[in-house]
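Source file: structure-v6.cif (mmCIF, C-alpha atoms)
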```cif
data_run
loop_
_atom_site.label_atom_id
_atom_site.label_comp_id
_atom_site.auth_asym_id
_atom_site.auth_seq_id
_atom_site.Cartn_x
_atom_site.Cartn_y
_atom_site.Cartn_z
CA LEU I 1 -6.73 5.64 -12.18
CA ALA I 2 -9.88 3.52 -12.08
CA LYS I 3 -11.77 3.94 -8.83
CA THR I 4 -12.55 0.82 -6.86
CA THR I 5 -15.40 -0.03 -4.52
CA GLN I 6 -15.19 -2.86 -2.03
CA PRO I 7 -17.12 -3.76 1.11
CA ILE I 8 -15.87 -2.07 4.23
CA SER I 9 -15.91 -5.24 6.30
CA MET I 10 -16.71 -8.95 6.22
CA ASP I 11 -16.92 -11.71 8.79
CA SER I 12 -16.27 -15.40 8.26
CA TYR I 13 -15.84 -18.57 10.29
CA GLU I 14 -12.67 -20.57 10.20
CA GLY I 15 -12.50 -23.13 7.43
CA GLN I 16 -14.87 -21.32 5.12
CA GLU I 17 -14.08 -19.92 1.71
CA VAL I 18 -14.17 -16.13 1.62
CA ASN I 19 -14.91 -14.12 -1.50
CA ILE I 20 -14.26 -10.39 -1.54
CA THR I 21 -15.61 -8.55 -4.56
CA CYS I 22 -14.24 -5.31 -5.92
CA SER I 23 -16.05 -3.11 -8.41
CA HIS I 24 -14.07 -1.09 -10.94
CA ASN I 25 -16.51 0.07 -13.59
CA ASN I 26 -14.08 2.49 -15.22
CA ILE I 27 -11.21 0.07 -15.67
CA ALA I 28 -9.05 0.89 -18.68
CA THR I 29 -7.66 -1.46 -21.29
CA ASN I 30 -4.13 -1.40 -19.87
CA ASP I 31 -5.15 -1.67 -16.22
CA TYR I 32 -4.29 -4.65 -14.08
CA ILE I 33 -6.07 -5.70 -10.89
CA THR I 34 -3.91 -6.21 -7.82
CA TRP I 35 -4.76 -7.27 -4.29
CA TYR I 36 -2.78 -6.60 -1.13
CA GLN I 37 -3.18 -7.88 2.43
CA GLN I 38 -2.39 -5.86 5.53
CA PHE I 39 -2.12 -7.16 9.09
CA PRO I 40 -2.49 -4.73 12.00
CA SER I 41 0.48 -2.40 12.41
CA GLN I 42 2.28 -3.92 9.41
CA GLY I 43 2.75 -2.70 5.88
CA PRO I 44 0.60 -4.20 3.12
CA ARG I 45 1.95 -7.15 1.22
CA PHE I 46 1.20 -8.29 -2.33
CA ILE I 47 -1.20 -11.23 -2.67
CA ILE I 48 -2.16 -11.63 -6.31
CA GLN I 49 -2.53 -9.82 -9.60
CA GLY I 50 -4.49 -10.48 -12.77
CA TYR I 51 -5.71 -9.03 -16.02
CA LYS I 52 -8.55 -11.33 -17.03
CA THR I 53 -10.11 -14.74 -16.35
CA LYS I 54 -8.64 -16.56 -13.38
CA VAL I 55 -5.33 -16.43 -11.58
CA THR I 56 -4.34 -18.75 -8.76
CA ASN I 57 -1.34 -18.89 -6.49
CA GLU I 58 -0.51 -20.58 -3.21
CA VAL I 59 -2.43 -17.98 -1.23
CA ALA I 60 -5.53 -17.04 -3.19
CA SER I 61 -7.44 -17.03 -6.45
CA LEU I 62 -8.54 -14.04 -8.43
CA PHE I 63 -11.59 -14.23 -10.67
CA ILE I 64 -12.10 -11.58 -13.33
CA PRO I 65 -15.17 -11.69 -15.61
CA ALA I 66 -14.96 -10.92 -19.29
CA ASP I 67 -16.07 -7.30 -18.92
CA ARG I 68 -13.42 -6.74 -16.18
CA LYS I 69 -15.68 -4.33 -14.34
CA SER I 70 -15.31 -6.32 -11.16
CA SER I 71 -13.04 -8.91 -9.63
CA THR I 72 -13.30 -11.38 -6.78
CA LEU I 73 -10.54 -12.38 -4.43
CA SER I 74 -11.13 -15.88 -3.12
CA LEU I 75 -9.42 -17.14 0.03
CA PRO I 76 -9.87 -20.89 0.51
CA ARG I 77 -10.51 -22.28 4.00
CA VAL I 78 -9.62 -19.19 5.98
CA SER I 79 -7.98 -19.36 9.38
CA LEU I 80 -7.76 -16.85 12.22
CA SER I 81 -4.46 -15.66 10.79
CA ASP I 82 -6.23 -14.43 7.66
CA THR I 83 -7.86 -11.66 9.69
CA ALA I 84 -6.58 -8.56 7.92
CA VAL I 85 -7.49 -5.70 5.63
CA TYR I 86 -7.58 -6.54 1.92
CA TYR I 87 -7.05 -3.87 -0.70
CA CYS I 88 -8.11 -3.98 -4.33
CA LEU I 89 -6.09 -1.76 -6.65
CA VAL I 90 -6.60 -1.12 -10.34
CA GLY I 91 -4.21 0.67 -12.63
CA ASP I 92 -1.71 0.60 -15.44
CA THR I 93 1.43 -0.89 -13.98
CA SER I 94 3.57 -0.71 -17.07
CA TRP I 95 6.88 1.09 -17.11
CA GLY I 96 6.71 4.84 -16.63
CA ASN I 97 3.39 4.85 -14.80
CA THR I 98 3.19 5.50 -11.11
CA PRO I 99 2.37 2.47 -9.02
CA LEU I 100 -1.09 1.96 -7.70
CA VAL I 101 -2.89 3.98 -5.06
CA PHE I 102 -4.53 2.31 -2.08
CA GLY I 103 -8.12 2.85 -0.97
CA LYS I 104 -9.80 1.96 2.30
CA GLY I 105 -9.86 -1.79 1.81
CA THR I 106 -12.06 -4.55 3.24
CA ARG I 107 -11.56 -5.57 6.84
CA LEU I 108 -11.94 -9.35 7.09
CA SER I 109 -12.55 -10.83 10.52
CA VAL I 110 -12.23 -14.59 10.85
CA ILE I 111 -14.08 -16.08 13.79
CA ALA I 112 -13.28 -19.39 15.48
CA GLU X 113 17.49 -10.16 2.79
CA ALA X 114 15.46 -7.86 0.58
CA GLN X 115 13.79 -5.28 2.73
CA VAL X 116 12.60 -1.77 3.35
CA THR X 117 13.69 -0.29 6.66
CA GLN X 118 12.31 2.73 8.47
CA ASN X 119 13.61 4.62 11.47
CA PRO X 120 12.49 5.36 14.03
CA ARG X 121 9.69 2.86 14.53
CA TYR X 122 8.06 4.98 17.21
CA LEU X 123 8.38 8.70 17.84
CA ILE X 124 6.68 11.10 20.20
CA THR X 125 7.43 14.76 19.61
CA VAL X 126 6.00 18.20 20.19
CA THR X 127 4.42 20.68 17.83
CA GLY X 128 6.91 22.58 15.73
CA LYS X 129 9.98 20.46 16.34
CA LYS X 130 11.44 19.41 13.02
CA LEU X 131 11.84 15.69 12.48
CA THR X 132 12.97 13.26 9.81
CA VAL X 133 11.84 9.69 9.28
CA THR X 134 14.33 7.69 7.27
CA CYS X 135 13.52 5.04 4.71
CA SER X 136 16.01 2.78 3.00
CA GLN X 137 15.65 -0.14 0.58
CA ASN X 138 18.27 -2.63 -0.57
CA MET X 139 16.53 -3.88 -3.71
CA ASN X 140 17.79 -1.21 -6.11
CA HIS X 141 14.21 -0.11 -6.70
CA GLU X 142 13.59 3.00 -8.73
CA TYR X 143 10.25 3.86 -7.19
CA MET X 144 9.74 4.86 -3.56
CA SER X 145 6.74 6.26 -1.79
CA TRP X 146 5.44 7.47 1.56
CA TYR X 147 1.97 6.75 2.91
CA ARG X 148 0.14 7.65 6.04
CA GLN X 149 -2.55 5.50 7.55
CA ASP X 150 -5.30 6.76 9.79
CA PRO X 151 -8.29 4.88 11.20
CA GLY X 152 -11.10 4.66 8.67
CA LEU X 153 -9.12 6.39 5.92
CA GLY X 154 -6.99 3.58 4.58
CA LEU X 155 -3.58 4.34 3.12
CA ARG X 156 -3.06 7.79 1.64
CA GLN X 157 -0.03 8.62 -0.43
CA ILE X 158 2.04 11.60 0.70
CA TYR X 159 4.88 11.79 -1.81
CA TYR X 160 6.50 9.49 -4.29
CA SER X 161 9.70 9.33 -6.28
CA MET X 162 10.23 7.66 -9.64
CA ASN X 163 14.02 7.86 -9.38
CA VAL X 164 16.91 9.88 -7.97
CA GLU X 165 16.14 13.60 -7.88
CA VAL X 166 12.60 12.99 -9.15
CA THR X 167 9.82 13.49 -6.61
CA ASP X 168 6.14 14.31 -6.87
CA LYS X 169 3.18 14.99 -4.63
CA GLY X 170 0.70 12.34 -3.70
CA ASP X 171 -2.77 12.90 -2.30
CA VAL X 172 -1.83 14.52 1.03
CA PRO X 173 1.54 16.32 0.67
CA GLU X 174 0.79 19.38 2.84
CA GLY X 175 3.18 19.70 5.77
CA TYR X 176 5.70 17.21 4.42
CA LYS X 177 8.90 17.31 2.39
CA VAL X 178 10.96 14.55 0.82
CA SER X 179 14.27 14.21 -0.95
CA ARG X 180 15.80 11.52 -3.15
CA LYS X 181 19.52 12.15 -3.37
CA GLU X 182 20.41 8.48 -3.46
CA LYS X 183 18.50 5.61 -4.99
CA ARG X 184 18.23 3.63 -1.78
CA ASN X 185 17.08 6.41 0.57
CA PHE X 186 13.88 8.44 0.67
CA PRO X 187 13.56 10.42 3.91
CA LEU X 188 10.31 12.06 4.98
CA ILE X 189 10.74 15.47 6.59
CA LEU X 190 8.25 17.28 8.80
CA GLU X 191 9.56 20.84 9.11
CA SER X 192 6.99 21.92 11.70
CA PRO X 193 4.93 18.96 12.86
CA SER X 194 1.38 19.50 14.05
CA PRO X 195 -0.97 17.19 15.98
CA ASN X 196 -2.94 16.36 12.82
CA GLN X 197 0.18 14.63 11.53
CA THR X 198 -0.09 12.04 14.27
CA SER X 199 -0.36 8.86 12.25
CA LEU X 200 1.18 5.58 11.18
CA TYR X 201 3.61 6.12 8.31
CA PHE X 202 4.75 3.55 5.76
CA CYS X 203 7.50 3.73 3.21
CA ALA X 204 7.32 1.51 0.13
CA SER X 205 9.47 0.72 -2.87
CA SER X 206 9.06 -1.10 -6.14
CA SER X 207 10.87 -1.73 -9.37
CA ILE X 208 9.60 -0.04 -12.52
CA THR X 209 9.77 -3.41 -14.28
CA THR X 210 7.28 -4.96 -11.87
CA ASP X 211 4.60 -3.30 -9.82
CA THR X 212 4.73 -5.12 -6.52
CA GLN X 213 5.26 -2.61 -3.74
CA TYR X 214 7.35 -3.66 -0.76
CA PHE X 215 6.50 -1.91 2.48
CA GLY X 216 8.56 -1.02 5.49
CA PRO X 217 7.50 -1.93 9.04
CA GLY X 218 5.91 1.45 9.71
CA THR X 219 6.64 4.43 11.93
CA ARG X 220 4.11 5.44 14.53
CA LEU X 221 4.35 9.18 15.06
CA THR X 222 2.63 11.12 17.81
CA VAL X 223 2.76 14.92 17.77
CA LEU X 224 1.70 16.54 21.04
#
```

Just dump the structure as structure tokens.
Amino acid sequence: LAKTTQPISMDSYEGQEVNITCSHNNIATNDYITWYQQFPSQGPRFIIQGYKTKVTNEVASLFIPADRKSSTLSLPRVSLSDTAVYYCLVGDTSWGNTPLVFGKGTRLSVIA
Amino acid sequence: EAQVTQNPRYLITVTGKKLTVTCSQNMNHEYMSWYRQDPGLGLRQIYYSMNVEVTDKGDVPEGYKVSRKEKRNFPLILESPSPNQTSLYFCASSSITTDTQYFGPGTRLTVL
């Protein structure tokens, strides 16, 4: 599995856009990039997944450059309730492969 | 409602007293997994199962056992708990046709 590197923590004010970057220099051709969000004392929950270029859903956007060696999770206009740990996972999610392994994540603190 | 349930949610026990944490999912998922979460260490996988009667070690399997006799259940067994197994435990499941992992609410275990 490709190893990922993300910042340990980030701070942001309410209403700002937050970008969390994840490095995955050894990403393989079949690997997807997946992000999860975890609130204190709760299990992680899926946010977004992508392979290349840009993916957007109702929660976030995921930007993946052409070389795929990094990715950026973008949270628009964060609120206090977005304070959580965000995990970047990279791996081959096709049938027969074990699902992805979590790292230490990025702790986002949103300040009023 | 699609969900992963864990029991108990909180448990305080003493060293050496065997315990079982149950995990059940109602989504007919093939894949199930156990994680432990400790401050500063993120989520670490203990064991996982790709299907009934198929289990494999994760990153930190020492001191734990699992079984997968039915598709919906994946209990975590601590034969002789020790204080270093004090942690927050999460069970997760996913379908092999998608890769989104669904997490249970967590079990906070304290071993005295």

Task: Atomic separation - CA of Tyr86 in chain I relative to CA of Ser12 in chain I, Å - done: 13.9 Å

- [ ] Could you state which residues are captured by the PyMOL selection byres ((chain X) within 9 of (chain I)) in this file, as a PyMOL selection string?
- [x] chain X and resi 143+152-157+160-162+200+202-204+206+208-218+220

Task: Within 7 Å of Ala84 in chain I using only C-alpha atoms, minus same-chain residues under 4 positions, as an MDAnalysis selection string - done: chainID I and resid 37:40 107:109

TODO: Pull out every residue that the PyMOL selection byres ((chain X and resi 176) around 10) matches in the shown coordinates and put them as a ChimeraX atom specification.
DONE: /X:132,158-159,169,172-175,177-178,188-193,197

TODO: Work out how far apart CA of Val78 in chain I and CA of Tyr13 in chain I are and give it in Å to one decimal.
DONE: 7.6 Å

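Minimum distance to Trp146 in chain X across X:Asn185, X:Ser207, X:Thr125, X:Gln115 (counting all atoms listed in the file) occurs at X:Asn185.
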
Open item on the list: Under the rule that all atoms listed in the file are counted, which of X:Val116, X:Met144, X:Cys135, X:Leu224 is the nearest residue to Glu165 in chain X?
Closed with: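 Of X:Val116, X:Met144, X:Cys135, X:Leu224, the one nearest Glu165 in chain X is X:Met144, counting all atoms listed in the file.
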
- [ ] List, as a list in words, every residue that the PyMOL selection byres ((chain X and resi 139) around 8) selects in the file provided.
- [x] Ala114, Gln115, Gln137, Asn138, Asn140, His141 and Arg184 of chain X

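The interatomic distance for the pair CA of Thr219 in chain X and CA of Leu123 in chain X works out to 7.5 Å.
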
- [ ] Check the smallest atom-to-atom distance from each of X:Ser136, X:Ser205, X:Thr167, X:Ser194 to Ile124 in chain X using only C-alpha atoms, then report the winner.
- [x]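 Smallest distance to Ile124 in chain X is found for X:Ser194.
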
Open item on the list: Taking (-12.9, -21.2, 8.9) as a centre in this file's frame and 9 Å as the limit, can you find every polymer residue with an atom that close, using only C-alpha atoms, and give them as a PyMOL selection string?
Closed with: chain I and resi 12-18+76-80+110-112

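Distances here use all atoms listed in the file; by that measure, the residue among I:Val90, I:Ser74, I:Pro65, I:Asp82 closest to Ile20 in chain I is I:Ser74.
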
Task: Residue nearest Gly91 in chain I - candidates I:Leu75, I:Ala28, I:Ser61, I:Asp11, atoms counted: all atoms listed in the file - done: I:Ala28

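Residue nearest Asp150 in chain X within the list X:Asn163, X:Lys181, X:Asn196, X:Thr134: X:Asn196 [criterion: smallest interatomic distance, only C-alpha atoms].
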